[in-house]
Amino acid sequence: MAVEVRPATSFEDVRTMVGPKRPDANVCWCLSYRLPGSENRALAGPARGDRVRRLVGEDPPPGVLAYDGDDVVGWAGVHPRTDTSFATNRRIPHLDDPHDTSVWSVWCLRVRPGHRRQGIAHVLLAGAVDFARDHGARVLEGYPVDNGGERVDLTMAYVGTRSLFEAAGFTVAAETTSVLAGFPRVLVRHPLTA
């Protein structure tokens, strides 16, 4: 398997990874951290997909996609932190100016069913690092659970685990007051410039 990570410029492929089975369903679409809370709460049904379609058309797009040949197999939400709710999040500490556009966040990692346990999350996270670096990021932050090797419920595993991020060169920079699926989340950072 040779998985390739590319910018998320295909709306159909993003929909495959984070969209609902029914277009009128109110699912996340990976918008809950990407948009301000008021905008995220105001969007319902097809309006959520329409908003993602617009994000996919922006430069930079809202993340990266992993492909095994022509098949999309993974998604990572990655963008400047200033464009996410992490810029104002009270449970995740700010180690620098929250308005610094050179600090990026990676907040969601999804691997398509049928392709899990094949190392795709590792390739996807490495691709997110490269994408952020290629777009001028100075540092990339993540907010994974510190699960100590315990199993994480699949629906909550989208934030990644501390061990996944550490394997990709991130280091724990701070504890947080955020908890997901019963596990504390940590702030991890990866410097992208010398």
# chains A, B, ... in the order shown; residues from 1 in each chain; ligands from 1
>>> closest_atom_pairs(of="segment 52-171 of chain A", to="segment 183-193 of chain A", cutoff="6 Å", atoms="only C-alpha atoms", output="Markdown table")
| residue | atom | partner | partner_atom | distance |
| --- | --- | --- | --- | --- |
| A:Arg133 | CA | A:Leu192 | CA | 5.9 |
| A:Arg138 | CA | A:Leu192 | CA | 5.1 |
| A:Val139 | CA | A:Pro191 | CA | 4.4 |
| A:Leu140 | CA | A:His190 | CA | 5.2 |
| A:Glu141 | CA | A:Arg189 | CA | 4.4 |
| A:Gly142 | CA | A:Val188 | CA | 5.2 |
| A:Tyr143 | CA | A:Leu187 | CA | 4.9 |
| A:Pro144 | CA | A:Arg185 | CA | 5.4 |
| A:Val145 | CA | A:Arg185 | CA | 4.2 |
| A:Asp146 | CA | A:Arg185 | CA | 5.6 |
| A:Asn147 | CA | A:Phe183 | CA | 5.8 |
| A:Phe170 | CA | A:His190 | CA | 4.5 |
| A:Thr171 | CA | A:Val188 | CA | 5.2 |
>>> write_last_selection(atoms="C-alpha atoms", output="mmCIF file, in the first residue's frame")
data_model
loop_
_atom_site.group_PDB
_atom_site.id
_atom_site.type_symbol
_atom_site.label_atom_id
_atom_site.label_comp_id
_atom_site.auth_asym_id
_atom_site.auth_seq_id
_atom_site.Cartn_x
_atom_site.Cartn_y
_atom_site.Cartn_z
ATOM 1 C CA ARG A 133 5.006 23.643 6.760
ATOM 2 C CA ARG A 138 6.049 28.005 12.233
ATOM 3 C CA VAL A 139 4.533 25.416 14.570
ATOM 4 C CA LEU A 140 1.732 22.847 14.400
ATOM 5 C CA GLU A 141 -0.381 22.066 17.458
ATOM 6 C CA GLY A 142 -2.550 19.051 18.201
ATOM 7 C CA TYR A 143 -4.909 18.266 21.074
ATOM 8 C CA PRO A 144 -4.954 14.464 21.418
ATOM 9 C CA VAL A 145 -6.167 12.332 24.293
ATOM 10 C CA ASP A 146 -3.589 11.008 26.739
ATOM 11 C CA ASN A 147 -5.086 7.525 26.920
ATOM 12 C CA PHE A 170 5.259 16.239 18.433
ATOM 13 C CA THR A 171 6.074 16.826 22.093
#
>>> select_by_dssp(residues="segment 113-180 of chain A", states="alpha helix (DSSP H)", output="MDAnalysis selection string")
chainID A and resid 120:134 162:167
>>> select_by_dssp(residues="segment 57-140 of chain A", states="strand (DSSP E)", output="ChimeraX atom specification")
/A:63-68,71-80,103-111,139-140
>>> residues_around(residues="Arg151 of chain A", least_positions_apart="6", cutoff="12 Å", atoms="only C-alpha atoms", output="PyMOL selection string")
chain A and resi 145+157+160-161+181-183
>>> residues_around(residues="segment 100-114 of chain A", least_positions_apart="4", cutoff="7 Å", atoms="only C-alpha atoms", output="number ranges by chain")
A: 17, 73-82, 120-121, 132, 136-143, 158-160
>>> closest_residue(among="A:Cys30, A:Ala47, A:Gly63, A:Ser163", to="Ala128 of chain A", atoms="only C-alpha atoms")
A:Gly63
>>> decode(residues="segment 150-187 of chain A", atoms="N, CA and C atoms", output="short mmCIF file (atom, residue, chain, number, x, y, z; two decimals), in the first residue's frame")
data_model
loop_
_atom_site.label_atom_id
_atom_site.label_comp_id
_atom_site.auth_asym_id
_atom_site.auth_seq_id
_atom_site.Cartn_x
_atom_site.Cartn_y
_atom_site.Cartn_z
N GLU A 150 -4.81 2.81 26.65
CA GLU A 150 -6.15 2.24 26.73
C GLU A 150 -6.90 2.51 25.43
N ARG A 151 -7.85 1.65 25.16
CA ARG A 151 -8.66 1.79 23.94
C ARG A 151 -9.54 3.04 24.04
N VAL A 152 -9.60 3.79 22.94
CA VAL A 152 -10.43 4.99 22.85
C VAL A 152 -11.64 4.66 21.98
N ASP A 153 -12.83 5.02 22.46
CA ASP A 153 -14.04 4.82 21.68
C ASP A 153 -13.86 5.39 20.28
N LEU A 154 -14.21 4.62 19.28
CA LEU A 154 -13.96 5.00 17.88
C LEU A 154 -14.56 6.35 17.51
N THR A 155 -15.73 6.67 18.04
CA THR A 155 -16.35 7.95 17.69
C THR A 155 -15.59 9.13 18.29
N MET A 156 -14.80 8.89 19.33
CA MET A 156 -14.04 9.96 19.97
C MET A 156 -12.55 9.93 19.61
N ALA A 157 -12.15 8.97 18.82
CA ALA A 157 -10.74 8.82 18.48
C ALA A 157 -10.26 9.84 17.45
N TYR A 158 -11.18 10.67 16.94
CA TYR A 158 -10.83 11.62 15.89
C TYR A 158 -9.76 12.63 16.30
N VAL A 159 -9.58 12.88 17.59
CA VAL A 159 -8.56 13.85 18.03
C VAL A 159 -7.16 13.24 18.04
N GLY A 160 -7.07 11.93 17.88
CA GLY A 160 -5.79 11.25 17.91
C GLY A 160 -5.36 10.95 19.34
N THR A 161 -4.28 10.22 19.45
CA THR A 161 -3.74 9.87 20.76
C THR A 161 -2.35 10.50 20.93
N ARG A 162 -1.99 10.67 22.18
CA ARG A 162 -0.67 11.23 22.48
C ARG A 162 0.43 10.43 21.78
N SER A 163 0.33 9.09 21.83
CA SER A 163 1.39 8.26 21.23
C SER A 163 1.47 8.45 19.71
N LEU A 164 0.32 8.62 19.05
CA LEU A 164 0.33 8.88 17.60
C LEU A 164 1.08 10.17 17.29
N PHE A 165 0.77 11.22 18.04
CA PHE A 165 1.43 12.50 17.80
C PHE A 165 2.91 12.45 18.16
N GLU A 166 3.26 11.78 19.25
CA GLU A 166 4.68 11.69 19.62
C GLU A 166 5.47 10.92 18.57
N ALA A 167 4.87 9.90 17.98
CA ALA A 167 5.54 9.14 16.91
C ALA A 167 5.80 10.02 15.69
N ALA A 168 5.02 11.10 15.54
CA ALA A 168 5.18 12.01 14.39
C ALA A 168 6.08 13.20 14.72
N GLY A 169 6.72 13.19 15.89
CA GLY A 169 7.66 14.26 16.23
C GLY A 169 7.09 15.37 17.09
N PHE A 170 5.85 15.25 17.54
CA PHE A 170 5.26 16.24 18.43
C PHE A 170 5.73 15.95 19.86
N THR A 171 5.78 17.00 20.68
CA THR A 171 6.07 16.83 22.09
C THR A 171 4.98 17.49 22.91
N VAL A 172 4.75 16.96 24.10
CA VAL A 172 3.75 17.54 24.99
C VAL A 172 4.26 18.90 25.45
N ALA A 173 3.46 19.93 25.23
CA ALA A 173 3.84 21.29 25.59
C ALA A 173 3.08 21.78 26.81
N ALA A 174 1.88 21.21 27.05
CA ALA A 174 1.08 21.65 28.20
C ALA A 174 -0.04 20.67 28.47
N GLU A 175 -0.45 20.63 29.72
CA GLU A 175 -1.67 19.92 30.10
C GLU A 175 -2.84 20.84 29.75
N THR A 176 -4.04 20.28 29.64
CA THR A 176 -5.24 21.07 29.38
C THR A 176 -6.29 20.70 30.42
N THR A 177 -7.38 21.43 30.43
CA THR A 177 -8.52 21.05 31.27
C THR A 177 -9.60 20.37 30.44
N SER A 178 -9.30 20.06 29.20
CA SER A 178 -10.24 19.40 28.30
C SER A 178 -10.16 17.88 28.50
N VAL A 179 -11.32 17.24 28.50
CA VAL A 179 -11.42 15.79 28.64
C VAL A 179 -12.33 15.29 27.53
N LEU A 180 -11.95 14.19 26.91
CA LEU A 180 -12.75 13.60 25.84
C LEU A 180 -12.80 12.10 26.05
N ALA A 181 -13.99 11.54 26.05
CA ALA A 181 -14.20 10.10 26.24
C ALA A 181 -13.56 9.61 27.53
N GLY A 182 -13.53 10.48 28.55
CA GLY A 182 -12.97 10.10 29.84
C GLY A 182 -11.46 10.25 29.95
N PHE A 183 -10.80 10.68 28.89
CA PHE A 183 -9.35 10.84 28.90
C PHE A 183 -8.98 12.32 28.85
N PRO A 184 -7.94 12.70 29.58
CA PRO A 184 -7.48 14.09 29.48
C PRO A 184 -6.84 14.33 28.12
N ARG A 185 -6.99 15.55 27.64
CA ARG A 185 -6.32 15.94 26.40
C ARG A 185 -5.06 16.73 26.76
N VAL A 186 -4.05 16.59 25.93
CA VAL A 186 -2.81 17.34 26.11
C VAL A 186 -2.60 18.22 24.88
N LEU A 187 -1.86 19.29 25.08
CA LEU A 187 -1.46 20.16 23.98
C LEU A 187 -0.09 19.69 23.53
#
